[in-house]
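S.K.: Here it is, the structure in full.
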Amino acid sequence: MKPLIERLFAVRGQIAEIKERQLKELEAEKKDLEGQIFGALEDAGVDATTLKGTGSVSISEQIVPQAEDWDKFYEYVLADKMRFMLLNKALNAPAFREALQIEGEIPGLVPFTKRTLSVRKAA
């Protein structure tokens, strides 16, 4: 039985390696295609299009924080405990947008417009 179990674990490991390698290749191709579509949409002067029977793509924009000066930002956060909502493992984008609307500026942070491509498959 031991050789069967060892072989099973070896095969499972090989499957995982193949999946990981294929996933990396497909993710790279996906990123490249998205970049090409971004460019094509911008060149066409549109931010969305639909391909009948396939689906639609659109460019969406969202303001997210980008740290410019961590020392200034931490000083700002420490001045008011309510500002800790701006932190989690990454900067908290929804809290940043809300604080930006209220205060107009957050020391140490600058707004950055993150653009993503939304892809929807036709039903």
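How things are named: the first chain in the structure tokens is A, the next is B, and so on; residues count from 1 in each chain; ligands count from 1 in the order shown.
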So which residues of chain A fall under alpha helix (DSSP H) by DSSP, listed as JSON, numbers by chain?

M.R.: {"A": [2, 3, 4, 5, 6, 7, 8, 9, 10, 11, 12, 13, 14, 15, 16, 17, 18, 19, 20, 21, 22, 23, 24, 25, 26, 27, 28, 29, 30, 31, 32, 33, 34, 35, 36, 37, 38, 39, 40, 41, 42, 43, 44, 70, 71, 72, 73, 74, 75, 76, 77, 78, 93, 94, 95, 96, 97, 98, 99, 100, 101, 102, 103]}

S.K.: I need the strand (DSSP E or B) residues of range 52-95 of chain A per DSSP on the backbone, written as a list of chain:residue names.

M.R.: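 After running DSSP on the backbone, range 52-95 of chain A has strand (DSSP E or B) at A:Gly55, A:Ser56, A:Val57, A:Ser58, A:Ile59, A:Ser60, A:Glu61, A:Gln62, A:Ile63, A:Val64, A:Pro65, A:Gln66, A:Ala67, A:Leu87, A:Leu91.
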
S.K.: Write a file of the just-selected residues containing N, CA and C atoms, as a PDB file, in the first residue's frame.

M.R.:
```
ATOM      1  N   GLY A  55     -20.080  39.014 -25.086  1.00  0.00           N
ATOM      2  CA  GLY A  55     -20.097  39.753 -23.840  1.00  0.00           C
ATOM      3  C   GLY A  55     -19.695  41.195 -24.043  1.00  0.00           C
ATOM      4  N   SER A  56     -19.369  41.856 -22.958  1.00  0.00           N
ATOM      5  CA  SER A  56     -19.002  43.266 -23.033  1.00  0.00           C
ATOM      6  C   SER A  56     -17.742  43.524 -22.217  1.00  0.00           C
ATOM      7  N   VAL A  57     -17.065  44.594 -22.574  1.00  0.00           N
ATOM      8  CA  VAL A  57     -15.914  45.061 -21.815  1.00  0.00           C
ATOM      9  C   VAL A  57     -16.081  46.554 -21.586  1.00  0.00           C
ATOM     10  N   SER A  58     -15.618  47.015 -20.438  1.00  0.00           N
ATOM     11  CA  SER A  58     -15.690  48.443 -20.159  1.00  0.00           C
ATOM     12  C   SER A  58     -14.553  48.822 -19.228  1.00  0.00           C
ATOM     13  N   ILE A  59     -14.135  50.058 -19.347  1.00  0.00           N
ATOM     14  CA  ILE A  59     -13.087  50.585 -18.479  1.00  0.00           C
ATOM     15  C   ILE A  59     -13.772  51.242 -17.290  1.00  0.00           C
ATOM     16  N   SER A  60     -13.344  50.867 -16.098  1.00  0.00           N
ATOM     17  CA  SER A  60     -13.868  51.531 -14.907  1.00  0.00           C
ATOM     18  C   SER A  60     -12.712  52.186 -14.172  1.00  0.00           C
ATOM     19  N   GLU A  61     -13.020  53.271 -13.514  1.00  0.00           N
ATOM     20  CA  GLU A  61     -12.006  54.007 -12.771  1.00  0.00           C
ATOM     21  C   GLU A  61     -12.455  54.144 -11.323  1.00  0.00           C
ATOM     22  N   GLN A  62     -11.494  54.067 -10.412  1.00  0.00           N
ATOM     23  CA  GLN A  62     -11.777  54.158  -8.994  1.00  0.00           C
ATOM     24  C   GLN A  62     -10.604  54.845  -8.322  1.00  0.00           C
ATOM     25  N   ILE A  63     -10.902  55.816  -7.493  1.00  0.00           N
ATOM     26  CA  ILE A  63      -9.832  56.518  -6.782  1.00  0.00           C
ATOM     27  C   ILE A  63      -9.391  55.665  -5.604  1.00  0.00           C
ATOM     28  N   VAL A  64      -8.091  55.398  -5.544  1.00  0.00           N
ATOM     29  CA  VAL A  64      -7.497  54.618  -4.464  1.00  0.00           C
ATOM     30  C   VAL A  64      -6.299  55.394  -3.921  1.00  0.00           C
ATOM     31  N   PRO A  65      -5.931  55.164  -2.661  1.00  0.00           N
ATOM     32  CA  PRO A  65      -4.798  55.902  -2.099  1.00  0.00           C
ATOM     33  C   PRO A  65      -3.465  55.336  -2.571  1.00  0.00           C
ATOM     34  N   GLN A  66      -2.507  56.208  -2.670  1.00  0.00           N
ATOM     35  CA  GLN A  66      -1.143  55.803  -2.993  1.00  0.00           C
ATOM     36  C   GLN A  66      -0.236  56.559  -2.026  1.00  0.00           C
ATOM     37  N   ALA A  67       0.525  55.839  -1.247  1.00  0.00           N
ATOM     38  CA  ALA A  67       1.374  56.486  -0.242  1.00  0.00           C
ATOM     39  C   ALA A  67       2.495  57.257  -0.914  1.00  0.00           C
ATOM     40  N   LEU A  87      -6.510  52.345   7.583  1.00  0.00           N
ATOM     41  CA  LEU A  87      -5.530  51.272   7.520  1.00  0.00           C
ATOM     42  C   LEU A  87      -6.175  49.900   7.615  1.00  0.00           C
ATOM     43  N   LEU A  91      -3.770  50.083   2.278  1.00  0.00           N
ATOM     44  CA  LEU A  91      -4.525  51.294   2.537  1.00  0.00           C
ATOM     45  C   LEU A  91      -5.989  51.030   2.183  1.00  0.00           C
TER      46      LEU A  91
END
```

S.K.: With a distance cut-off of 9 Å and only C-alpha atoms, select the neighbouring residues of Trp70 in chain A, excluding the residue or stretch itself and same-chain residues fewer than 2 positions from it, and output the selection as a VMD selection string.

M.R.: chain A and resid 67 to 68 72 to 75 107 to 109

S.K.: Could you work out how far CA of Thr116 in chain A lies from CA of Ala48 in chain A, giving the answer in Å with one decimal?

M.R.: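 Separation between CA of Ala48 in chain A and CA of Thr116 in chain A: 11.7 Å.
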
S.K.: Listing only residues of range 2-22 of chain A within 12 Å of range 27-45 of chain A, what is the closest atom pair and its distance in Å (to one decimal) for each, using only C-alpha atoms, sorted by chain and residue number ascending, as a Markdown table?

M.R.:
```
| residue | atom | partner | partner_atom | distance |
| --- | --- | --- | --- | --- |
| A:Lys19 | CA | A:Glu27 | CA | 11.8 |
| A:Glu20 | CA | A:Glu27 | CA | 10.3 |
| A:Arg21 | CA | A:Glu27 | CA | 9.9 |
| A:Gln22 | CA | A:Glu27 | CA | 8.5 |
```

S.K.: I need the residues from that last selection saved to file as a short mmCIF file (atom, residue, chain, number, x, y, z; two decimals), in the first residue's frame (with N, CA and C atoms), if you can.

M.R.:
```cif
data_model
loop_
_atom_site.label_atom_id
_atom_site.label_comp_id
_atom_site.auth_asym_id
_atom_site.auth_seq_id
_atom_site.Cartn_x
_atom_site.Cartn_y
_atom_site.Cartn_z
N LYS A 19 -0.90 22.69 -13.12
CA LYS A 19 -1.94 23.70 -12.97
C LYS A 19 -1.33 25.07 -12.69
N GLU A 20 -0.33 25.10 -11.81
CA GLU A 20 0.31 26.37 -11.47
C GLU A 20 1.00 26.98 -12.69
N ARG A 21 1.72 26.17 -13.43
CA ARG A 21 2.43 26.66 -14.61
C ARG A 21 1.43 27.16 -15.65
N GLN A 22 0.38 26.38 -15.90
CA GLN A 22 -0.63 26.78 -16.87
C GLN A 22 -1.35 28.05 -16.42
#
```

S.K.: When you look at Glu103 in chain A with a cut-off of 12 Å (counting only C-alpha atoms), what residues show up, excluding the ones that are within fewer than 5 positions of it in the same chain? I need them as a list in words.

M.R.: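 So the residues in contact are Tyr76, Arg83, Ala95, Phe96, Arg97 and Glu98 of chain A.
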
S.K.: Hey, can you spit out that residue selection with N, CA and C atoms as a compact mmCIF listing (two decimals), in the first residue's frame?

M.R.:
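Saved the output as out_22.txt:
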```txt
# COMPACT_ATOMS: atom_id res chain seq x y z
N TYR A 76 -0.62 62.00 10.59
CA TYR A 76 -2.03 62.37 10.38
C TYR A 76 -2.95 61.36 11.07
N ARG A 83 -9.07 57.97 12.47
CA ARG A 83 -8.39 57.86 11.17
C ARG A 83 -7.73 56.50 10.96
N ALA A 95 -12.44 54.10 2.78
CA ALA A 95 -12.25 55.07 3.86
C ALA A 95 -11.45 56.27 3.35
N PHE A 96 -10.48 56.02 2.47
CA PHE A 96 -9.68 57.11 1.90
C PHE A 96 -10.56 58.05 1.09
N ARG A 97 -11.43 57.49 0.24
CA ARG A 97 -12.30 58.33 -0.60
C ARG A 97 -13.22 59.18 0.28
N GLU A 98 -13.74 58.57 1.35
CA GLU A 98 -14.63 59.30 2.25
C GLU A 98 -13.87 60.43 2.95
```

S.K.: Find the residue from A:Lys81, A:Arg7, A:Lys114, A:Arg120 that sits nearest to Ala93 in chain A; use only C-alpha atoms when measuring.

M.R.: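 When distances to Ala93 in chain A are compared using only C-alpha atoms, the smallest one comes from A:Lys114.
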